[in-house]
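Right, one structure below, let's go through it.
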Amino acid sequence: MTSTSIMIAKEAYEQQLEAQLLSVGILRYWDGNIISSRKLIENPQFFETEDMIYKEWFDSVYDSYHFYNGFDSLEECVSYISQSPYDNATYKIVQFLDMFYAIVYENTQYQQVVGKDVSYYTKNKLFLSSPHPQHSSIAKQRVRLPVIPLIYHELMVFDPNLRIYELTEEAPDQFVEGDAHDLMPYIVLLGITFKDIWYPCTTPHSIAHSRAALNMYFNDGHDLMLFGKYVNAVAINPFQRLICFAKGRIEHFQMDIDDRKTPPRRLPYREVKRFHDMVHIRPIKEHKELMELI
């Protein structure tokens, strides 16, 4: 996590996050235990979370974020968008911690987040990072899926003043503030680019714990832990779509967000080398849980 004078302290963050998640129903008390929910917009699914696993997950949230710089001003972000080959109306701008990010979310295979020096984008079921965004064709047959808004709430606690801007029919030439809840997918996508955490998958115990934590974010069917075990990885970073092997070797993996029946897939060696530099995460040595595994 980058240091900033306006960053909320961890203890205060956790107090506010728990209150926020209880108020929106993502967490609730039942017989003295915490009951969790994936809280899909259209289909809430409640499930009991063991107290120890809940505490491990909750303690990890604050440190799982690795923020990178956005544009310094709204005008600078708009200037970037105006030079894009895409229709400017496809972009939304998120203001987070007084920085501005240009975001495109047409569907699950055409996504892009652009900061000042770093950009993220989807390509061939991968989630890649580079200094400058690489434009890809829009896959029209894809659709947007219901958003799991936990990341939205996690970001809102970091910055209650988070705002999002869009072009509208009433103001086609000027980005105006929109409704953050209605435009939640864009905010969640930004949060995913910040999310940098590894989940161990080396033993049945670690797989069970990691799966329980990931149930907070991912739907049934994306069994990421079994995929990690199958390819002999020591840990998986599902938000960045990365896997880590012994001696700290990191690779991208493919995941079809739309099709739960299609398992994640490891890349051929040639493709691994091709995308080797398209990673933007903290150094491995900053992940204590990962250092213990490699």
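Chains: A, B, ... in order of the structure tokens. Residues: from 1 per chain. Ligands: from 1, in order shown.
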
Taking only residues of range 230-249 of chain A that have an atom at most 9 Å from an atom of range 112-131 of chain A, what is each one's shortest atom pair and its distance in Å to one decimal, using only C-alpha atoms, in chain and number order, as JSON lines?
```
{"residue": "A:Phe239", "atom": "CA", "partner": "A:Phe127", "partner_atom": "CA", "distance": 8.5}
{"residue": "A:Gln240", "atom": "CA", "partner": "A:Phe127", "partner_atom": "CA", "distance": 6.2}
{"residue": "A:Arg241", "atom": "CA", "partner": "A:Phe127", "partner_atom": "CA", "distance": 6.2}
{"residue": "A:Leu242", "atom": "CA", "partner": "A:Phe127", "partner_atom": "CA", "distance": 8.7}
```

Self-check item: All residues 10 Å or closer to Lys229 in chain A, only C-alpha atoms, same chain fewer than 2 positions away omitted, as a PyMOL selection string
Solution: chain A and resi 200-204+207+224-227+231-236

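Relative to CA of Asp223 in chain A, CA of Pro268 in chain A is found at 20.8 Å.
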
Where does range 194-260 of chain A meet range 271-284 of chain A within 10 Å, residue by residue, with the nearest atom pair and distance in Å to one decimal for each, counting only C-alpha atoms, listed by chain and rising number, as a Markdown table?
```
| residue | atom | partner | partner_atom | distance |
| --- | --- | --- | --- | --- |
| A:Phe194 | CA | A:Ile281 | CA | 8.8 |
| A:Lys195 | CA | A:Ile281 | CA | 9.0 |
| A:Asp196 | CA | A:Ile281 | CA | 6.4 |
| A:Ile197 | CA | A:Ile281 | CA | 9.1 |
| A:Trp198 | CA | A:Ile284 | CA | 9.8 |
| A:Gln240 | CA | A:Val279 | CA | 8.3 |
| A:Arg241 | CA | A:Val279 | CA | 9.9 |
| A:Leu242 | CA | A:Val279 | CA | 8.7 |
| A:Cys244 | CA | A:Ile284 | CA | 9.7 |
| A:Gly248 | CA | A:Ile284 | CA | 7.3 |
| A:Arg249 | CA | A:Ile284 | CA | 9.8 |
| A:Ile250 | CA | A:His276 | CA | 8.2 |
| A:Glu251 | CA | A:Val272 | CA | 6.2 |
| A:His252 | CA | A:Val272 | CA | 6.9 |
| A:Phe253 | CA | A:Val272 | CA | 8.8 |
```

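CA of Met255 in chain A sits 21.4 Å away from CA of Ser206 in chain A.
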
Practice problem: Give me the residues within 7 Å of range 74-87 of chain A as a VMD selection string, counting only C-alpha atoms and dropping any in the same chain fewer than 5 places off. | Solution: chain A and resid 100 to 102

Self-check item: Members of range 125-245 of chain A assigned strand (DSSP E or B) by DSSP, as number ranges by chain
Solution: A: 126-130, 163-166, 176-177, 195, 199-200, 235-237, 242-244

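Between CA of Gln15 in chain A and CA of Met291 in chain A there is a distance of 28.8 Å.
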
Write out as a tab-separated table a residue-level contact list of range 116-195 of chain A versus range 18-35 of chain A with cut-off 9 Å: for each qualifying residue the closest pair of atoms and the distance in Å to one decimal, counting only C-alpha atoms, rows sorted by chain and residue number upward.
```
residue	atom	partner	partner_atom	distance
A:Leu150	CA	A:Ile26	CA	7.6
A:His153	CA	A:Gln20	CA	7.3
A:Glu154	CA	A:Leu21	CA	8.9
A:Val157	CA	A:Gln20	CA	8.0
```

Self-check item: All helix (DSSP H, G or I) residues (DSSP, backbone) inside range 165-265 of chain A, as JSON, numbers by chain
Solution: {"A": [184, 185, 186, 187, 188, 189, 190, 191, 192, 193, 194, 204, 205, 206, 207, 208, 209, 210, 211, 212, 213, 214, 224, 225, 226, 227, 228, 229, 230, 246, 247, 248]}

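Distances from A:Leu97, A:Ile103, A:Met52, A:Ile148 to Met7 in chain A were compared using only C-alpha atoms, and the smallest one belongs to A:Leu97.
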
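Remark: for Phe245 in chain A, the closest of the candidate residues A:Leu290, A:His209, A:Asp98, A:Ile8 is A:Leu290 (distances computed over only C-alpha atoms).
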
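All residues of protein, DNA or RNA that reach within 9 Å of Tyr54 in chain A, judged by only C-alpha atoms and not counting those fewer than 5 positions away in the chain, are A:Ile34, A:Ser36, A:Thr49, A:Asp59, A:Ala212, A:Ala213.
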